[in-house]
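The data block below is final.txt; it holds compact mmCIF, C-alpha atoms.
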```txt
# COMPACT_ATOMS: atom_id res chain seq x y z
CA MET A 1 -19.17 23.21 14.94
CA ALA A 2 -17.30 21.43 17.74
CA PRO A 3 -13.97 19.78 16.83
CA ALA A 4 -15.36 16.38 17.83
CA ALA A 5 -18.31 16.81 15.45
CA VAL A 6 -15.95 17.85 12.65
CA ARG A 7 -13.85 14.74 13.20
CA VAL A 8 -16.94 12.53 13.08
CA CYS A 9 -18.10 14.17 9.85
CA CYS A 10 -14.66 13.77 8.27
CA ALA A 11 -14.54 10.13 9.33
CA CYS A 12 -17.92 9.51 7.70
CA VAL A 13 -16.90 11.27 4.49
CA ARG A 14 -13.77 9.10 4.25
CA TRP A 15 -15.97 6.00 4.01
CA PHE A 16 -17.77 7.28 0.87
CA PRO A 17 -15.21 5.78 -1.60
CA VAL A 18 -15.49 2.39 0.15
CA VAL A 19 -19.29 2.56 0.08
CA PHE A 20 -19.15 3.51 -3.60
CA ILE A 21 -16.91 0.55 -4.53
CA THR A 22 -19.08 -1.80 -2.46
CA ALA A 23 -22.24 -0.55 -4.17
CA VAL A 24 -20.69 -1.03 -7.61
CA VAL A 25 -19.68 -4.60 -6.75
CA VAL A 26 -23.15 -5.42 -5.38
CA TRP A 27 -24.81 -4.05 -8.53
CA SER A 28 -22.31 -5.87 -10.75
CA TYR A 29 -23.24 -9.12 -9.01
CA TYR A 30 -26.89 -8.63 -9.95
CA ALA A 31 -26.01 -7.50 -13.47
CA TYR A 32 -23.70 -10.44 -14.15
CA VAL A 33 -25.37 -13.30 -12.28
CA VAL A 34 -29.03 -12.42 -12.78
CA ALA A 35 -29.23 -10.19 -15.84
CA LEU A 36 -26.52 -11.90 -17.87
CA CYS A 37 -26.18 -15.51 -16.70
CA VAL A 38 -29.78 -16.22 -15.66
CA TYR A 39 -31.79 -14.22 -18.22
CA THR A 40 -29.46 -13.70 -21.18
CA VAL A 41 -27.10 -16.65 -21.64
CA PRO A 42 -29.11 -19.38 -23.44
CA SER A 43 -26.88 -22.38 -22.78
CA ILE A 44 -27.10 -24.14 -19.41
CA ALA A 45 -23.51 -25.37 -19.71
CA GLU A 46 -22.31 -21.84 -20.43
CA LYS A 47 -24.26 -20.46 -17.45
CA VAL A 48 -22.75 -23.05 -15.09
CA LEU A 49 -19.21 -22.51 -16.41
CA TYR A 50 -19.42 -18.73 -16.04
CA LEU A 51 -20.84 -18.93 -12.50
CA LEU A 52 -18.29 -21.53 -11.35
CA ILE A 53 -15.42 -19.28 -12.43
CA TYR A 54 -17.04 -15.99 -11.40
CA HIS A 55 -17.73 -16.76 -7.74
CA PRO A 56 -14.20 -17.81 -6.66
CA ILE A 57 -12.80 -14.67 -8.29
CA LEU A 58 -15.42 -12.56 -6.50
CA VAL A 59 -14.65 -14.18 -3.13
CA LEU A 60 -10.89 -13.61 -3.47
CA PHE A 61 -11.46 -10.03 -4.64
CA LEU A 62 -13.75 -9.16 -1.71
CA TRP A 63 -11.56 -11.03 0.77
CA ALA A 64 -8.47 -9.06 -0.28
CA TYR A 65 -10.43 -5.79 -0.28
CA ALA A 66 -11.78 -6.38 3.22
CA LYS A 67 -8.34 -7.30 4.55
CA THR A 68 -6.85 -4.15 3.04
CA ILE A 69 -9.53 -2.01 4.66
CA PHE A 70 -9.70 -3.53 8.12
CA THR A 71 -6.11 -4.62 8.78
CA ASP A 72 -4.43 -2.39 11.35
CA VAL A 73 -1.54 -0.49 9.79
CA GLY A 74 0.81 -1.47 12.60
CA SER A 75 2.35 0.72 15.24
CA VAL A 76 5.92 1.69 15.93
CA PRO A 77 7.35 -0.37 18.83
CA ARG A 78 7.39 1.40 22.19
CA SER A 79 11.18 1.24 22.32
CA PHE A 80 11.31 3.84 19.52
CA TYR A 81 9.33 6.42 21.50
CA LEU A 82 11.15 9.03 23.53
CA THR A 83 10.54 9.44 27.24
CA VAL A 84 9.29 12.74 28.63
CA GLN A 85 12.79 13.56 29.82
CA GLU A 86 14.29 12.81 26.41
CA ILE A 87 11.64 14.92 24.65
CA ASN A 88 12.30 17.86 26.96
CA ARG A 89 16.03 17.53 26.47
CA LEU A 90 15.64 17.46 22.69
CA GLU A 91 13.23 20.38 22.51
CA ARG A 92 15.40 22.57 24.76
CA GLU A 93 18.14 22.48 22.15
CA ARG A 94 17.86 25.07 19.38
CA GLY A 95 20.87 24.20 17.25
CA GLU A 96 20.49 21.56 14.56
CA GLU A 97 23.87 20.02 15.33
CA ALA A 98 23.01 19.61 19.01
CA GLN A 99 19.62 18.07 18.12
CA LYS A 100 21.34 15.77 15.65
CA ASN A 101 23.80 14.55 18.27
CA ILE A 102 21.00 13.87 20.74
CA LEU A 103 19.03 11.89 18.16
CA LEU A 104 22.10 9.90 17.16
CA GLU A 105 22.70 9.07 20.79
CA LEU A 106 19.09 8.00 21.30
CA ALA A 107 19.11 5.94 18.08
CA LYS A 108 22.39 4.13 18.60
CA ASP A 109 20.73 0.92 19.82
CA LYS A 110 17.85 1.02 17.32
CA PRO A 111 17.74 -1.10 14.13
CA ILE A 112 17.89 1.87 11.75
CA LEU A 113 19.75 2.27 8.45
CA ASN A 114 18.02 5.27 6.90
CA ARG A 115 18.78 8.82 7.86
CA THR A 116 17.96 12.40 7.00
CA HIS A 117 19.82 14.69 4.59
CA ALA A 118 21.60 16.12 7.62
CA GLY A 119 22.81 12.65 8.62
CA SER A 120 20.57 12.34 11.65
CA ALA A 121 18.13 9.67 12.75
CA ARG A 122 14.63 10.46 11.48
CA TYR A 123 12.42 11.85 14.20
CA CYS A 124 8.63 12.30 14.14
CA GLU A 125 7.76 15.49 15.98
CA LYS A 126 4.08 14.53 16.17
CA CYS A 127 4.48 10.98 17.51
CA LYS A 128 7.63 11.84 19.49
CA CYS A 129 9.43 8.76 18.23
CA ILE A 130 12.48 7.83 16.22
CA LYS A 131 11.07 6.40 13.02
CA PRO A 132 12.06 2.87 11.96
CA ASP A 133 13.39 2.36 8.46
CA ARG A 134 10.76 3.02 5.78
CA ALA A 135 8.19 4.24 8.32
CA HIS A 136 6.48 7.59 7.78
CA HIS A 137 3.87 9.68 9.53
CA CYS A 138 0.44 9.72 7.90
CA SER A 139 -1.43 12.94 8.61
CA VAL A 140 -4.77 11.25 7.80
CA CYS A 141 -4.29 8.28 10.14
CA GLY A 142 -2.52 10.48 12.68
CA GLN A 143 0.32 8.04 13.36
CA CYS A 144 3.58 6.69 12.01
CA VAL A 145 2.98 3.75 9.68
CA LEU A 146 5.47 0.90 9.27
CA LYS A 147 6.89 0.70 5.72
CA MET A 148 4.28 3.19 4.56
CA ASP A 149 3.39 3.03 0.87
CA HIS A 150 0.59 5.60 0.67
CA HIS A 151 -2.78 6.49 2.17
CA CYS A 152 -5.49 5.14 -0.14
CA PRO A 153 -8.95 6.76 -0.02
CA TRP A 154 -10.47 3.78 -1.84
CA VAL A 155 -9.80 1.57 1.18
CA ASN A 156 -9.96 4.35 3.80
CA ASN A 157 -6.71 3.10 5.24
CA CYS A 158 -2.99 3.46 4.95
CA VAL A 159 -1.27 0.88 2.79
CA GLY A 160 1.90 -0.28 4.50
CA PHE A 161 3.79 -3.22 5.90
CA THR A 162 0.83 -5.07 7.40
CA ASN A 163 -1.56 -4.84 4.43
CA TYR A 164 0.52 -4.16 1.32
CA LYS A 165 0.23 -7.79 0.19
CA TYR A 166 -3.56 -7.56 0.54
CA PHE A 167 -3.58 -4.33 -1.45
CA VAL A 168 -1.62 -5.88 -4.34
CA LEU A 169 -3.94 -8.91 -4.32
CA PHE A 170 -6.96 -6.59 -4.21
CA LEU A 171 -5.69 -4.86 -7.36
CA GLY A 172 -4.88 -8.17 -9.05
CA TYR A 173 -8.18 -9.88 -8.28
CA GLY A 174 -10.06 -6.66 -9.05
CA LEU A 175 -8.42 -6.60 -12.48
CA LEU A 176 -9.20 -10.29 -13.02
CA TYR A 177 -12.81 -9.69 -11.94
CA CYS A 178 -13.24 -6.84 -14.43
CA LEU A 179 -11.58 -8.66 -17.31
CA PHE A 180 -13.62 -11.82 -16.74
CA ILE A 181 -16.89 -9.87 -16.76
CA ALA A 182 -15.86 -7.86 -19.81
CA PHE A 183 -14.78 -10.87 -21.92
CA THR A 184 -17.72 -13.11 -21.04
CA SER A 185 -20.30 -10.35 -21.56
CA LEU A 186 -18.77 -9.03 -24.81
CA LYS A 187 -20.83 -11.26 -27.11
CA TYR A 188 -24.10 -10.29 -25.45
CA PHE A 189 -23.07 -6.65 -25.27
CA ILE A 190 -22.68 -6.67 -29.07
CA GLU A 191 -26.08 -8.35 -29.49
CA PHE A 192 -27.83 -5.71 -27.37
CA TRP A 193 -25.86 -2.87 -28.94
CA THR A 194 -26.76 -3.92 -32.50
CA GLY A 195 -30.36 -4.70 -31.61
CA ALA A 196 -30.01 -8.42 -32.32
CA SER A 197 -31.52 -9.26 -28.91
CA SER A 198 -34.95 -8.15 -27.75
CA LYS A 199 -34.57 -8.77 -24.00
CA GLU A 200 -35.22 -5.19 -22.95
CA ALA A 201 -35.63 -5.99 -19.23
CA VAL A 202 -31.95 -6.80 -18.79
CA LYS A 203 -30.49 -4.94 -21.75
CA PHE A 204 -29.16 -1.91 -19.88
CA HIS A 205 -27.68 -3.96 -17.04
CA VAL A 206 -25.64 -6.02 -19.52
CA LEU A 207 -24.58 -2.93 -21.47
CA PHE A 208 -23.51 -1.01 -18.39
CA VAL A 209 -21.77 -3.91 -16.66
CA PHE A 210 -19.58 -4.28 -19.74
CA PHE A 211 -18.77 -0.55 -19.82
CA VAL A 212 -18.06 -0.40 -16.07
CA ALA A 213 -15.89 -3.53 -16.17
CA MET A 214 -13.85 -2.13 -19.06
CA MET A 215 -13.48 1.28 -17.41
CA PHE A 216 -12.25 -0.11 -14.08
CA GLY A 217 -10.20 -2.79 -15.84
CA ILE A 218 -8.23 -0.23 -17.86
CA SER A 219 -7.54 1.79 -14.69
CA LEU A 220 -6.45 -1.27 -12.75
CA ILE A 221 -4.08 -2.53 -15.45
CA SER A 222 -1.72 0.42 -14.99
CA LEU A 223 -2.06 0.51 -11.21
CA PHE A 224 -1.56 -3.22 -10.72
CA GLY A 225 1.41 -3.21 -13.09
CA TYR A 226 2.94 -0.30 -11.20
CA HIS A 227 2.68 -2.07 -7.84
CA ILE A 228 4.04 -5.32 -9.28
CA TYR A 229 7.02 -3.27 -10.43
CA LEU A 230 7.40 -1.75 -6.95
CA THR A 231 7.12 -5.20 -5.33
CA CYS A 232 9.81 -6.66 -7.59
CA SER A 233 12.01 -3.61 -6.91
CA ASN A 234 11.38 -3.68 -3.14
CA ARG A 235 10.28 -0.04 -3.11
CA SER A 236 7.27 1.72 -1.71
CA THR A 237 5.38 4.40 -3.61
CA LEU A 238 7.01 7.02 -1.38
CA GLU A 239 10.48 5.61 -2.05
CA SER A 240 9.84 5.62 -5.80
CA PHE A 241 9.40 9.41 -5.63
CA ARG A 242 12.23 10.04 -3.17
CA SER A 243 15.03 7.56 -2.68
CA PRO A 244 15.84 6.45 0.87
CA ILE A 245 19.07 7.85 2.27
CA PHE A 246 21.75 5.62 3.75
CA GLN A 247 25.15 6.43 5.21
CA THR A 248 26.58 6.32 1.71
CA GLY A 249 23.86 8.60 0.33
CA ALA A 250 20.51 8.23 -1.43
CA ASP A 251 19.97 4.88 -3.10
CA LYS A 252 16.69 3.98 -4.79
CA ASN A 253 17.75 0.32 -4.85
CA GLY A 254 19.03 0.30 -1.30
CA PHE A 255 16.59 -2.36 -0.13
CA SER A 256 16.55 -4.42 -3.34
CA LEU A 257 17.58 -8.06 -2.91
CA GLY A 258 16.89 -9.30 -6.43
CA LYS A 259 13.44 -9.80 -7.96
CA LEU A 260 12.60 -13.15 -6.35
CA ASN A 261 13.75 -12.14 -2.89
CA ASN A 262 12.01 -8.79 -3.28
CA PHE A 263 8.80 -10.66 -4.04
CA LYS A 264 9.32 -12.85 -0.97
CA GLU A 265 9.80 -9.76 1.20
CA VAL A 266 6.10 -9.01 0.62
CA PHE A 267 4.60 -12.45 -0.03
CA GLY A 268 6.81 -14.59 2.18
CA GLU A 269 8.49 -17.95 1.67
CA ARG A 270 5.36 -20.13 1.82
CA LYS A 271 4.12 -20.50 -1.76
CA LEU A 272 0.79 -21.90 -0.57
CA PHE A 273 -0.12 -18.46 0.82
CA TRP A 274 1.27 -16.28 -1.96
CA PHE A 275 -2.06 -15.65 -3.67
CA LEU A 276 -4.30 -15.76 -0.60
CA PRO A 277 -5.06 -12.67 1.54
CA ILE A 278 -3.20 -14.19 4.49
CA PHE A 279 -0.23 -12.48 6.12
CA SER A 280 2.87 -14.43 5.12
CA SER A 281 5.84 -12.06 5.33
CA ASP A 282 8.77 -13.09 7.51
CA ARG A 283 9.64 -9.49 8.36
CA ASP A 284 8.75 -7.52 11.50
CA GLY A 285 8.17 -4.19 9.70
CA VAL A 286 10.94 -2.49 11.66
CA SER A 287 14.24 -3.68 10.17
CA PHE A 288 14.88 -4.76 6.59
CA PRO A 289 17.80 -6.56 4.92
CA THR A 290 19.99 -4.85 2.33
CA LEU A 291 22.06 -6.36 -0.45
CA LYS A 292 25.03 -4.15 0.26
CA SER A 293 26.28 -3.95 3.81
CA GLN A 294 26.77 -0.44 5.08
CA THR A 295 30.54 -0.14 5.58
CA ASN A 296 30.76 3.40 6.88
CA SER A 297 29.87 2.63 10.49
CA ASN A 298 29.70 5.16 13.29
CA SER A 299 28.73 5.27 16.95
CA TYR A 300 25.06 4.64 16.31
CA GLN A 301 25.12 2.25 13.34
CA THR A 302 26.80 -1.11 12.85
CA MET A 303 25.61 -4.15 11.00
CA ALA A 304 25.69 -7.81 11.92
CA GLN A 305 26.02 -10.12 8.95
CA THR A 306 23.68 -13.11 9.12
CA PRO A 307 22.71 -15.57 6.37
CA SER A 308 19.36 -15.29 4.67
CA PHE A 309 17.65 -16.37 1.48
CA GLY A 310 20.56 -15.14 -0.68
CA ASP A 311 24.32 -14.83 -0.48
CA GLY A 312 25.56 -11.39 0.39
CA ILE A 313 22.33 -10.20 2.01
CA ALA A 314 23.01 -8.32 5.21
CA TYR A 315 20.47 -8.03 7.98
CA PRO A 316 20.95 -4.88 10.01
CA THR A 317 20.85 -4.84 13.76
CA ARG A 318 21.11 -1.06 14.01
CA THR A 319 20.07 1.66 11.61
CA VAL A 320 19.05 5.30 10.79
CA ASP A 321 16.49 7.04 8.55
CA ILE A 322 15.05 9.17 5.67
CA PRO A 323 14.91 12.88 4.83
CA SER A 324 13.57 15.75 6.78
CA ASP A 325 14.54 19.40 6.40
CA GLY A 326 15.87 20.34 9.76
CA LEU A 327 15.58 18.02 12.69
CA LEU A 328 12.66 19.31 14.66
CA GLY A 329 10.76 21.98 13.25
CA ASP A 330 9.84 23.44 10.04
CA ARG A 331 9.04 20.57 7.72
CA GLN A 332 8.99 16.82 7.61
CA ARG A 333 8.81 15.27 4.19
CA TRP A 334 6.55 12.64 2.61
CA MET A 335 3.16 12.49 4.31
CA GLU A 336 4.54 13.90 7.59
CA GLU A 337 2.66 17.20 7.49
CA GLY A 338 -0.68 18.16 6.04
CA ASP A 339 1.09 20.98 4.13
CA ALA A 340 3.29 18.45 2.38
CA ASP A 341 0.43 16.29 1.21
CA GLY A 342 -0.37 18.48 -1.72
CA ASP A 343 3.05 18.12 -3.31
CA TYR A 344 3.09 14.35 -2.93
CA ASN A 345 -0.51 13.83 -4.01
CA SER A 346 -0.11 15.95 -7.11
CA HIS A 347 2.65 13.61 -8.32
CA PHE A 348 1.01 10.44 -7.06
CA ASN A 349 -2.34 11.25 -8.69
CA LYS A 350 -0.60 11.66 -12.04
CA ALA A 351 0.95 8.24 -11.69
CA VAL A 352 -2.28 6.54 -10.58
CA SER A 353 -4.94 8.78 -12.02
CA TYR A 354 -7.88 6.51 -11.28
CA ARG A 355 -7.62 7.61 -7.70
```

Final structure tokens representation of the file:
Amino acid sequence: MAPAAVRVCCACVRWFPVVFITAVVVWSYYAYVVALCVYTVPSIAEKVLYLLIYHPILVLFLWAYAKTIFTDVGSVPRSFYLTVQEINRLERERGEEAQKNILLELAKDKPILNRTHAGSARYCEKCKCIKPDRAHHCSVCGQCVLKMDHHCPWVNNCVGFTNYKYFVLFLGYGLLYCLFIAFTSLKYFIEFWTGASSKEAVKFHVLFVFFVAMMFGISLISLFGYHIYLTCSNRSTLESFRSPIFQTGADKNGFSLGKLNNFKEVFGERKLFWFLPIFSSDRDGVSFPTLKSQTNSNSYQTMAQTPSFGDGIAYPTRTVDIPSDGLLGDRQRWMEEGDADGDYNSHFNKAVSYR
């Protein structure tokens, strides 16, 4: 089979989880609105109340889901990409120290705080760019993703700087959607289960919508709670498994600004937009403030102190990056290589098993 045909087939297969979730939501709409509210609930007032609450939750849930799926993950600015001459110069060098010095020279004017274990600027061999802070290469998307959290098959997209807020809202409204269906259908589920109701035409829809809502709700409770924790800690999923490295060493709380400011890093300052799937962050996805200023400056990294939403928060003007073994070659960590995916996914799947 031609490589192009293989790519098309893989692209189609990746949409299966999205199609599955969409199909479940469409069926749940029929089961809840028609089978439960129209044919099962006897009280008109109760029907109206349920439907008036149900539809806004559904709209917010689907809106957040669509935004998570279709929002572009964001690209690394062109200034971070190496020129052909710079690439050739870098690849001609065989020694790690020489490659490190070249990368430090190329990164000296870039807003980078993170670095590798070797102390170098992080470099993506596939994209041929110096990676901004918190950016990583996704082997599925085939590009470096700004503030990458993880690649989620359920949305067929990377979750990162541009759509992380939508992803958290998708989880939150999905959980609310499931809990609302489960609690309002519980009474009628018990009636059908015990045989107290004889409405056979809609019996199985009501029974199954309760089971499905409970099943997804239980899964979403842990996942939503985990991402609320990450949001309030100002960490990505990748950073929770491997701490970012700064000049002073690895620091899992390196980007933490305090819970409220951490929340605002994702949801922005405008409270009106906090719970709507509308982009509201004040960041650019390339540079991020830190609570502690990096004091050990060198030729490629200094920091300008500027005021922000909290005292003592430093906004970097130049920075470096996160771990890779070696500078050019054998392995890049996180999601940088297909070979590395297995190690990460095995841990990530344990933490969020519903995926």

Could you state the separation of atom CA of A:Leu179 and atom CA of A:Gly217 in Å, given to one decimal place?
-> 6.2 Å

Counting all atoms listed in the file, the residue of A:Lys259, A:Ala213, A:Tyr173, A:Asp284 that sits nearest A:Pro56 |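 Using all atoms listed in the file, the shortest distance to A:Pro56 belongs to A:Tyr173.
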
Quick one, how far is atom CA of A:Ser120 from atom CA of A:Arg235?
->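 Interatomic distance, atom CA of A:Ser120 to atom CA of A:Arg235: 21.8 Å.
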
Rounded to one decimal place, report the atom CA of A:Lys110-atom CA of A:Cys232 distance in Å.
->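 Atom CA of A:Cys232 lies at a distance of 27.3 Å from atom CA of A:Lys110.
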
Step by step: start from the point (-3.0, -3.7, -11.5) in the file's coordinates, keep every protein, DNA or RNA residue that has an atom no farther than 10 Å from it, count all atoms listed in the file, and write the set as a list in words.
->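 Using all atoms listed in the file, the matching residues come out as Val168, Leu169, Phe170, Leu171, Gly172, Tyr173, Gly174, Leu175, Leu176, Gly217, Ile218, Ser219, Leu220, Ile221, Ser222, Leu223, Phe224, Gly225, Tyr226, His227 and Ile228 of chain A.
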
Centre and edge lengths of an axis-aligned box around all listed atoms of stretch 175-187 of chain A, with 4 Å added on each side, are to be given in Å to one decimal, as lines of an AutoDock Vina configuration file.
```
center_x = -14.6
center_y = -9.9
center_z = -19.5
size_x = 20.4
size_y = 14.5
size_z = 23.2
```

Could you give me, as a list in words, the residues within 9 Å of A:Val209, counting all atoms listed in the file and dropping anything in the same chain fewer than 5 positions from it?
-> Trp27, Ser28, Ala31, Tyr32, Ile181, Ala182, Ser185, Phe204 and Met214 of chain A

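Minimum atom-to-atom distance to A:Phe246, evaluated using all atoms listed in the file, belongs to A:Asp133 out of A:Glu269, A:Phe167, A:Asp133, A:Pro42.
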
Between A:Cys37, A:Asn163, A:Val8, A:Ile245, which one has atoms that come closest to A:Tyr188, using only C-alpha atoms?
->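 Distance minimum relative to A:Tyr188 lands on A:Cys37.
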
Rank A:Arg122, A:Lys67, A:Arg7, A:Arg134 by their smallest atom-to-atom distance to A:Pro244, using all atoms listed in the file, and report the top residue only.
->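 Smallest separation from A:Pro244 among the options: A:Arg134.
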
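When all atoms listed in the file are used to measure the gap to A:Leu207, the shortest distance among A:Pro277, A:Ala35, A:Ile69, A:Pro289 belongs to A:Ala35.
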
Answer as a PDB file with C-alpha atoms, in the frame of the given file, residues within 7 Å of (-0.5, 6.8, 14.6) using all atoms listed in the file:
```
ATOM      1  CA  SER A  75       2.350   0.720  15.240  1.00  0.00           C
ATOM      2  CA  CYS A 141      -4.290   8.280  10.140  1.00  0.00           C
ATOM      3  CA  GLY A 142      -2.520  10.480  12.680  1.00  0.00           C
ATOM      4  CA  GLN A 143       0.320   8.040  13.360  1.00  0.00           C
ATOM      5  CA  CYS A 144       3.580   6.690  12.010  1.00  0.00           C
ATOM      6  CA  VAL A 145       2.980   3.750   9.680  1.00  0.00           C
TER       7      VAL A 145
END
```

Residues within 8 Å of A:Ser233, all atoms listed in the file, excluding chain neighbours under 3 positions, as a tab-separated table (two decimals) with C-alpha atoms, keeping the file's coordinate frame:
```
chain	number	residue	atom	x	y	z
A	229	TYR	CA	7.02	-3.27	-10.43
A	230	LEU	CA	7.40	-1.75	-6.95
A	253	ASN	CA	17.75	0.32	-4.85
A	256	SER	CA	16.55	-4.42	-3.34
A	258	GLY	CA	16.89	-9.30	-6.43
A	259	LYS	CA	13.44	-9.80	-7.96
A	262	ASN	CA	12.01	-8.79	-3.28
```

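With all atoms listed in the file as the atoms that count, the minimum distance from A:Val73 to the choices A:Glu46, A:Glu97, A:Asp149, A:Asp109 is reached by A:Asp149.
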
Could you name the residues that touch A:His150 at 7 Å or less, counting all atoms listed in the file, but leaving out those on the same chain fewer than 3 positions away, as an mmCIF file with C-alpha atoms, in the frame of the given file?
```
data_model
loop_
_atom_site.group_PDB
_atom_site.id
_atom_site.type_symbol
_atom_site.label_atom_id
_atom_site.label_comp_id
_atom_site.auth_asym_id
_atom_site.auth_seq_id
_atom_site.Cartn_x
_atom_site.Cartn_y
_atom_site.Cartn_z
ATOM 1 C CA CYS A 158 -2.990 3.460 4.950
ATOM 2 C CA VAL A 159 -1.270 0.880 2.790
ATOM 3 C CA THR A 237 5.380 4.400 -3.610
ATOM 4 C CA LEU A 238 7.010 7.020 -1.380
#
```
